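Below is one structure, written out as structure tokens, with a few remarks after it.
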Amino acid sequence: MQKNTRGLIGIAAITLLSFLQQDVFSQKVTIPIETQHNALVLQTNATNNLGIIYLGPKLSDKIEYEAIPAAYKQTTDYTGVANAAYATSGSRNLFEPAITVTHADGNNSLDLQYVSYETKKLDDNTSLLTIVLKDPVYELEVKLFYKTWYNEDVTEQWTEIKNNEKGNVVLQKYASAGLYLKADNFYLRQYHGDWAKEMQPEESRITHGIKTLDSKLGTRADLFQPPVFMVSLNKPATEDEGSVLYGALEWSGNFKIDLELDNQDNLRIIAGVNNHASPYTLKPGEVLTTPAFLSVLSHKGKGEASRQLQAWARNYKLLDGKGTRLTLLNNWESTYFDFNETKLKALLKDTKELGVDLFLLDDGWFANKYPRNDDHAGLGDWQENKSKLPNGIATLVSEGQHNGVRFGIWVEPEMVNPKSELYEKHPDWVVRQPKRPEYYFRNQLVLDLTNPQVQDFVFNVIDNLFTKNPNLAYIKWDCNAVVYNAYSAHLTNQSHFYLQYVQGLYSVLQRIRKKYPTVPMMLCSGGGGRVDYGALQYFTEFWPSDNTDPLERIFMQWEYSYFYPAISSSNHVTDWGKQPLKYRTDVAMMGKLGFDIVVSKLNASDLEFCRYAIKNYDAFKYVILQGDQYRLQDPRDNAVAAMMYLNPDKRSGIVFNYLVNNRYDEGSARPIKMKGLDPRQRYRLTELNLYPGTTSTIADKSYTGEFLMTVGYNPDVKASRTSVVLLVKAE
Ligand code: GLA
């Protein structure tokens with residue numbers, strides 16, 4: 001425990017500190033939250049409210065944090081709480097609040113004052129700071145949590161809101177976190193999308209007022225806008241230069257992220273669950289825990305921020321993030337709903353022939369009264385369809401084993417078609433307005449996961465599959481509809497629907513993970529409609545988009561990679577796009593490789609190529625799945641895009657190079673600079689994934705890391721060589 005006379009305590013250095021601040025009005029309490037490179041510094045003010053006085057590179061002398069506020073001569077802060085760590089409303093705050101309440105007596109004001117803080121060192125790398133705030137007039141308590149990962153510079157923030165009043169308190173807004181930044185200018189990189197158009201970036205200078213990123217879609221909440229963003233400070237950060245903060249809400253439902261540039265030209269970020277149609281009634285004694293908001297700050301550009309975040313995800317968040325991944329053959333695009341046991345048995349043989357680890361049976365295997373022969377019927381009836389699969393899944397699982405191929409299966413357990421036995425039996429389990437006509441998204445409705453009976457049903461869909469087929473090796477969990485007509489027959493308070501839906505989903509996923517802790521599961525939502533770190537703690541990978549056109553995927557995977565590691569990105573080779581098979585395969589190899597093609601229709605060279613590429617992938621996937629990712633040339637700014645993966649020991653790397661502009665004579669005219677290598681080490685470049693009958697134009701030669709990073713390499717990408725994969729090996 002360490003404390004100086006002015007109440008300044010460095011949390012990184014302290015284990016288990018519990019400190020009750022008695023003399024708060026005479027003394028400021030300063031709390032620096034430090035990671036390897038940064039500090040977020042909180043400080044109480046004259047009215048005992050907790051504010052953010054700094055977020056930036058950490059200082060060697062912690063005492064100097066106290067001098068920061070005086071260094072700014074900005075316009076008047078009329079309230080004293082403009083920099084609030086967790087902004088309230090109804091008292092002095094004039095800006096976007098993090099929390100808004102209606103007390104038991106109907107009063108709408110809230111003032112949160114500092115009470116105490118405590119720091120726990122959870123392990124060598126992780127600390128948890130808890131700060132208690134209380135209203136001096138009303139019995140409402142808020143705990144702010146700051147969990148930090150020192151090496152990765154990642155912070156998670158969330159809150160617990162406790163009602164100690166005698167009656168119900170209504171939380172009109174209950175964000176997870178607030179941040180307050182100072183810089184000359186702020187630039188936002190945000191994302192939007194739709195089906196097959198996920199992760200489209202837009203970058204703009206933030207102007208005064210509030211920019212809101214949000215979703216009100218309920219289930220596949222990220223379809224139009226994902227809960228991730230970046231803010232560059234002073235000037236737009238480049239790949240390797242500039243200060244940039246990444247933010248992400250770990251929540252699979254409605255979210256709201258407000259970025260408010262205020263009268264002092266400072267940027268307030270308030271992030272949390274969307275309070276749209278969701279006031280939450282907190283009973284006496286009840287505690288509401290908000291989801292975590294994560295942030296990472298880098299002063300060396302977007303590249304470093306992304307590597308820090310990816311490392312954090314692999315080490316601490318993504319399920320089995322340090323493990324490996326299975327390659328697979330999926331039958332969705334090769335059969336759609338049209339298959340039977342004979343056809344699938346042939347596909348199992350194809351899986352073996354191709355050389356991947358697993359066969360993934362997609363949609364269409366279930367339902368009898370209303371067979372799932374297209375997307376209009378059957379969802380909810382999770383019994384094998386007797387005419388397609390007279391001997392059930394079990395026979396396919398064992399046939400797979402026979403062929404040395406593992407077996408996985410698609411489910412969409414949160415959903416129901418109106419044409420289903422489930423709908424007929426349990427209309428009260430369906431999210432729909434009782435007095436209004438139904439409205440469908442992909443001909444289906446959402447099941448009411450706020451209802452514990454529905455949670456049991458969804459859990460049992462998965463549990464029954466594993467009970468009947470203990471050797472089942474993989475689940476693809478889909479979610480193809482948004483919530484229309486939000487109404488739960490189970491809930492008495494409809495305002496709790498959106499929040500409790502996601503809580504219900506997480507409780508099912510927790511039960512599944514308790515019983516089946518390691519089975520790989522893909523998070524899919526008609527493409528990338530539900531990619532977030534709240535869900536990814538239960539999933540090993542996600543499906544970025546149904547759009548598998550490799551040219552589109554180069555752009556999309558590029559943007560996802562800022563926030564999510566390659567090991568979590570399921571990339572399949574399909575028939576989308578006009579690019580040759582080699583191009584499609586190379587692009588899919590940039591994450592977790594899969595195929596969704598008709599293997600039996602491949603010509604001999606194509607099959608030979610695929611088998612060879614899969615062997616290469618198996619040999620080097622540890623670099624792709626666990627390596628550090630360096631973006632060398634952005635497809636948005638260049639005719640040739642280049643992405644590099646480097647093993648942390650800097651001895652092996654893989655560089656993917658693609659022609660992304662088909663205009664006359666476009667290609668790699670100039671060398672491309674590698675990054676991250678050891679300058680003194682010599683590296684040999686070898687071309688991988690050559691299509692049968694072609695030879696490499698890359699000289700079999702070695703270069704120093706210095707040369708490759710200063711002058712660069714030329715992959716010789718051109719119209720006749722549109723995709724080039726290079727192995728970089730230390731000699
Ligand atoms: C969604 C998925 C696809 C496929 C279909 C099946 O669209 O994204 O990959 O599984 O559902 O209906």
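Each chain in the structure tokens gets a letter, A, B and so on, in the order shown; residues start at 1 in every chain, and ligands are counted from 1 in the order they appear.
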
Subject >> ligand 1 neighbours within 9 Å using only C-alpha atoms and all ligand atoms, as a list in words >> reply: Trp195, Asn330, Trp332, Glu333, Tyr336, Phe337, Asp362, Asp363, Gly364, Asp374, Asp375, Trp410, Val411, Glu412, Lys476, Trp477, Asp478, Cys479, Asn480, Cys524, Ser525, Gly526, Gly527, Gly528, Trp543, Pro544, Ser545, Asp546 and Asn547 of chain A

**OP:** Give the strand (DSSP E or B) residues of segment 374-479 of chain A, as DSSP finds them on the backbone, and put them as a VMD selection string.
**Re:** chain A and resid 377 384 406 to 411 415 to 416 419 430 441 444 to 447 474 to 477

Original post:
Could you pull the residues within 12 Å of Leu59 of chain A, counting only C-alpha atoms, minus those fewer than 5 positions along the same chain, as a list in words?
Top reply: Gly10, Pro32, Ile33, Glu34, Thr35, Gln36, His37, Asn38, Ala39, Leu40, Val41, Tyr54, Glu64, Tyr65, Glu66, Ala67 and Ile68 of chain A

Subject >> Sel. of helix (DSSP H, G or I) residues, segment 442-570 of chain A, as a ChimeraX atom specification >> reply: /A:452-468,494-515,533-536,550-563,566-568

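For the set A:Lys369, A:Lys283, A:Lys650, A:His192, the residue with the smallest atom-to-atom gap to Met556 of chain A is A:His192, counting only C-alpha atoms.
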
Original post:
By how many Å are atom CA of Pro227 of chain A and atom CA of Ile269 of chain A apart?
Top reply: 13.0 Å

Could you list, as a short mmCIF file (atom, residue, chain, number, x, y, z; two decimals) with N, CA, C and O atoms, in the first residue's frame, every residue within 8 Å of His376 of chain A, counting only C-alpha atoms and ignoring same-chain residues fewer than 6 positions away?
data_model
loop_
_atom_site.label_atom_id
_atom_site.label_comp_id
_atom_site.auth_asym_id
_atom_site.auth_seq_id
_atom_site.Cartn_x
_atom_site.Cartn_y
_atom_site.Cartn_z
N ASN A 417 -40.08 -20.28 -36.96
CA ASN A 417 -40.95 -19.93 -38.10
C ASN A 417 -42.39 -20.04 -37.62
O ASN A 417 -42.73 -21.00 -36.91
N LYS A 419 -44.59 -21.16 -39.31
CA LYS A 419 -44.95 -22.51 -39.76
C LYS A 419 -44.03 -23.50 -39.05
O LYS A 419 -43.01 -23.94 -39.58
N ARG A 442 -36.75 -12.50 -42.58
CA ARG A 442 -36.46 -13.84 -43.14
C ARG A 442 -37.53 -14.85 -42.72
O ARG A 442 -37.22 -15.96 -42.29
N ASN A 443 -38.75 -14.46 -42.79
CA ASN A 443 -39.91 -15.34 -42.54
C ASN A 443 -39.92 -15.93 -41.13
O ASN A 443 -40.48 -17.00 -40.91
N GLN A 444 -39.29 -15.28 -40.19
CA GLN A 444 -39.21 -15.89 -38.87
C GLN A 444 -39.37 -14.86 -37.75
O GLN A 444 -39.33 -13.65 -37.98
#

Original post:
Which is closer to Ala346 of chain A than all the others in A:Leu50, A:Leu217, A:Val598, A:Ala699, using only C-alpha atoms?
Top reply: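 For Ala346 of chain A, the nearest of the candidates is A:Val598.
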
Skip Tyr114 of chain A itself and residues of its chain fewer than 3 positions away, then list as an mmCIF file with C-alpha atoms, in the first residue's frame all residues within 8 Å of it, counting only C-alpha atoms.
data_model
loop_
_atom_site.group_PDB
_atom_site.id
_atom_site.type_symbol
_atom_site.label_atom_id
_atom_site.label_comp_id
_atom_site.auth_asym_id
_atom_site.auth_seq_id
_atom_site.Cartn_x
_atom_site.Cartn_y
_atom_site.Cartn_z
ATOM 1 C CA THR A 44 -12.166 14.397 -6.948
ATOM 2 C CA ASN A 48 -16.342 15.646 -4.047
ATOM 3 C CA ASN A 49 -17.413 14.604 -7.540
ATOM 4 C CA LEU A 50 -15.040 12.320 -9.401
ATOM 5 C CA ILE A 131 -14.689 3.046 -6.840
ATOM 6 C CA VAL A 132 -17.763 3.614 -4.694
ATOM 7 C CA LEU A 133 -19.916 6.668 -5.404
ATOM 8 C CA LYS A 134 -23.057 7.693 -3.511
#

**OP:** Just the residues within 10 Å of segment 210-214 of chain A, please, counting only C-alpha atoms, with nothing from its chain fewer than 3 positions along; format it as number ranges by chain.
**Re:** A: 95-96, 188, 190-192, 206-207, 217, 221-222, 224-229, 254-262, 267-274, 276

Restricting it to N, CA, C and O atoms, dump the selection as a CSV table (one decimal), in the first residue's frame.
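Output below, filename part06.csv:
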chain,number,residue,atom,x,y,z
A,95,PHE,N,-24.4,18.1,-19.7
A,95,PHE,CA,-24.0,17.4,-20.9
A,95,PHE,C,-24.7,16.0,-20.8
A,95,PHE,O,-25.5,15.7,-19.9
A,96,GLU,N,-24.3,15.2,-21.8
A,96,GLU,CA,-24.9,13.8,-21.9
A,96,GLU,C,-24.6,13.1,-20.6
A,96,GLU,O,-23.4,12.9,-20.3
A,188,LEU,N,-13.2,10.5,-35.9
A,188,LEU,CA,-13.9,9.3,-35.6
A,188,LEU,C,-13.8,8.3,-36.8
A,188,LEU,O,-14.1,8.7,-37.9
A,190,GLN,N,-15.8,5.1,-37.8
A,190,GLN,CA,-17.0,4.4,-37.4
A,190,GLN,C,-17.3,3.4,-38.5
A,190,GLN,O,-16.8,3.5,-39.6
A,191,TYR,N,-18.2,2.5,-38.2
A,191,TYR,CA,-18.6,1.4,-39.2
A,191,TYR,C,-20.1,1.4,-39.4
A,191,TYR,O,-20.9,1.6,-38.4
A,192,HIS,N,-20.5,1.0,-40.6
A,192,HIS,CA,-21.9,0.8,-40.9
A,192,HIS,C,-22.0,-0.4,-41.8
A,192,HIS,O,-21.0,-0.9,-42.3
A,206,ILE,N,-14.7,15.1,-35.7
A,206,ILE,CA,-15.9,15.2,-34.8
A,206,ILE,C,-16.2,16.7,-34.6
A,206,ILE,O,-15.3,17.5,-34.3
A,207,THR,N,-17.4,17.1,-34.8
A,207,THR,CA,-17.8,18.5,-34.6
A,207,THR,C,-18.5,18.6,-33.3
A,207,THR,O,-18.9,17.6,-32.7
A,217,LEU,N,-31.8,-2.9,-32.8
A,217,LEU,CA,-32.3,-4.1,-33.6
A,217,LEU,C,-32.6,-5.3,-32.7
A,217,LEU,O,-33.1,-6.3,-33.1
A,221,ALA,N,-27.9,-7.2,-33.4
A,221,ALA,CA,-27.9,-5.8,-33.2
A,221,ALA,C,-26.9,-5.0,-34.1
A,221,ALA,O,-27.1,-3.9,-34.3
A,222,ASP,N,-25.9,-5.7,-34.6
A,222,ASP,CA,-24.8,-5.0,-35.3
A,222,ASP,C,-25.0,-5.0,-36.8
A,222,ASP,O,-24.1,-4.6,-37.6
A,224,PHE,N,-26.6,-3.1,-38.8
A,224,PHE,CA,-26.4,-1.7,-39.5
A,224,PHE,C,-25.2,-1.0,-38.9
A,224,PHE,O,-24.6,-0.2,-39.5
A,225,GLN,N,-24.9,-1.3,-37.7
A,225,GLN,CA,-23.8,-0.6,-37.0
A,225,GLN,C,-23.2,-1.4,-35.9
A,225,GLN,O,-23.9,-1.8,-35.0
A,226,PRO,N,-21.9,-1.8,-35.9
A,226,PRO,CA,-21.3,-2.6,-34.9
A,226,PRO,C,-20.8,-1.7,-33.7
A,226,PRO,O,-20.6,-0.5,-33.9
A,227,PRO,N,-20.7,-2.3,-32.5
A,227,PRO,CA,-20.3,-1.5,-31.3
A,227,PRO,C,-18.8,-1.2,-31.2
A,227,PRO,O,-18.3,-1.3,-30.1
A,228,VAL,N,-18.1,-1.0,-32.3
A,228,VAL,CA,-16.7,-0.7,-32.2
A,228,VAL,C,-16.4,0.6,-33.0
A,228,VAL,O,-17.1,1.0,-33.9
A,229,PHE,N,-15.4,1.3,-32.5
A,229,PHE,CA,-15.0,2.6,-33.2
A,229,PHE,C,-13.6,2.9,-32.8
A,229,PHE,O,-13.0,2.3,-31.9
A,254,ASN,N,-28.9,-4.1,-28.0
A,254,ASN,CA,-29.0,-2.6,-28.3
A,254,ASN,C,-27.9,-1.9,-27.5
A,254,ASN,O,-27.7,-2.1,-26.3
A,255,PHE,N,-27.2,-1.0,-28.2
A,255,PHE,CA,-26.1,-0.2,-27.6
A,255,PHE,C,-26.2,1.2,-28.0
A,255,PHE,O,-26.9,1.5,-29.0
A,256,LYS,N,-25.6,2.1,-27.2
A,256,LYS,CA,-25.6,3.5,-27.5
A,256,LYS,C,-24.2,4.0,-27.1
A,256,LYS,O,-23.8,3.9,-26.0
A,257,ILE,N,-23.5,4.6,-28.1
A,257,ILE,CA,-22.2,5.2,-27.8
A,257,ILE,C,-22.3,6.7,-28.2
A,257,ILE,O,-22.5,7.0,-29.4
A,258,ASP,N,-22.2,7.6,-27.3
A,258,ASP,CA,-22.3,9.0,-27.6
A,258,ASP,C,-20.9,9.6,-27.5
A,258,ASP,O,-20.2,9.4,-26.5
A,259,LEU,N,-20.6,10.4,-28.6
A,259,LEU,CA,-19.3,11.1,-28.6
A,259,LEU,C,-19.7,12.6,-28.6
A,259,LEU,O,-20.2,13.1,-29.6
A,260,GLU,N,-19.4,13.3,-27.5
A,260,GLU,CA,-19.9,14.7,-27.4
A,260,GLU,C,-18.7,15.6,-27.3
A,260,GLU,O,-17.9,15.6,-26.3
A,261,LEU,N,-18.6,16.5,-28.3
A,261,LEU,CA,-17.6,17.5,-28.2
A,261,LEU,C,-18.2,18.8,-27.6
A,261,LEU,O,-19.2,19.3,-28.1
A,262,ASP,N,-17.7,19.2,-26.4
A,262,ASP,CA,-18.4,20.2,-25.7
A,262,ASP,C,-17.8,21.6,-25.9
A,262,ASP,O,-17.0,21.8,-26.7
A,267,LEU,N,-13.7,16.0,-25.5
A,267,LEU,CA,-14.5,14.9,-26.0
A,267,LEU,C,-15.0,14.0,-24.9
A,267,LEU,O,-14.2,13.4,-24.2
A,268,ARG,N,-16.3,13.9,-24.8
A,268,ARG,CA,-16.9,13.0,-23.8
A,268,ARG,C,-17.4,11.8,-24.5
A,268,ARG,O,-18.1,11.9,-25.5
A,269,ILE,N,-17.0,10.6,-24.0
A,269,ILE,CA,-17.6,9.4,-24.6
A,269,ILE,C,-18.4,8.7,-23.5
A,269,ILE,O,-17.9,8.4,-22.5
A,270,ILE,N,-19.6,8.4,-23.8
A,270,ILE,CA,-20.5,7.7,-22.9
A,270,ILE,C,-21.0,6.5,-23.7
A,270,ILE,O,-21.6,6.6,-24.7
A,271,ALA,N,-20.7,5.3,-23.1
A,271,ALA,CA,-21.0,4.1,-23.8
A,271,ALA,C,-21.8,3.1,-22.9
A,271,ALA,O,-21.4,2.9,-21.8
A,272,GLY,N,-22.8,2.4,-23.5
A,272,GLY,CA,-23.5,1.4,-22.7
A,272,GLY,C,-24.6,0.8,-23.5
A,272,GLY,O,-24.8,1.0,-24.7
A,273,VAL,N,-25.4,0.1,-22.7
A,273,VAL,CA,-26.7,-0.5,-23.3
A,273,VAL,C,-27.6,0.7,-23.7
A,273,VAL,O,-27.6,1.7,-23.1
A,274,ASN,N,-28.2,0.5,-24.9
A,274,ASN,CA,-29.1,1.6,-25.3
A,274,ASN,C,-30.3,1.7,-24.4
A,274,ASN,O,-31.0,0.7,-24.1
A,276,HIS,N,-33.0,3.1,-25.1
A,276,HIS,CA,-34.2,3.2,-26.0
A,276,HIS,C,-35.2,2.2,-25.5
A,276,HIS,O,-35.0,1.0,-25.5

**OP:** Name the residues in contact with Gly408 of chain A at a cut-off of 6 Å, using only C-alpha atoms, excluding same-chain residues fewer than 6 positions from it; report them as a PyMOL selection string.
**Re:** chain A and resi 360+472-475

**OP:** Can you work out which one of A:Glu152, A:Asn385, A:Ala604, A:Val458 has the shortest atom-to-atom distance to Gly693 of chain A, counting only C-alpha atoms?
**Re:**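 Ranking A:Glu152, A:Asn385, A:Ala604, A:Val458 by distance to Gly693 of chain A, first place goes to A:Ala604.
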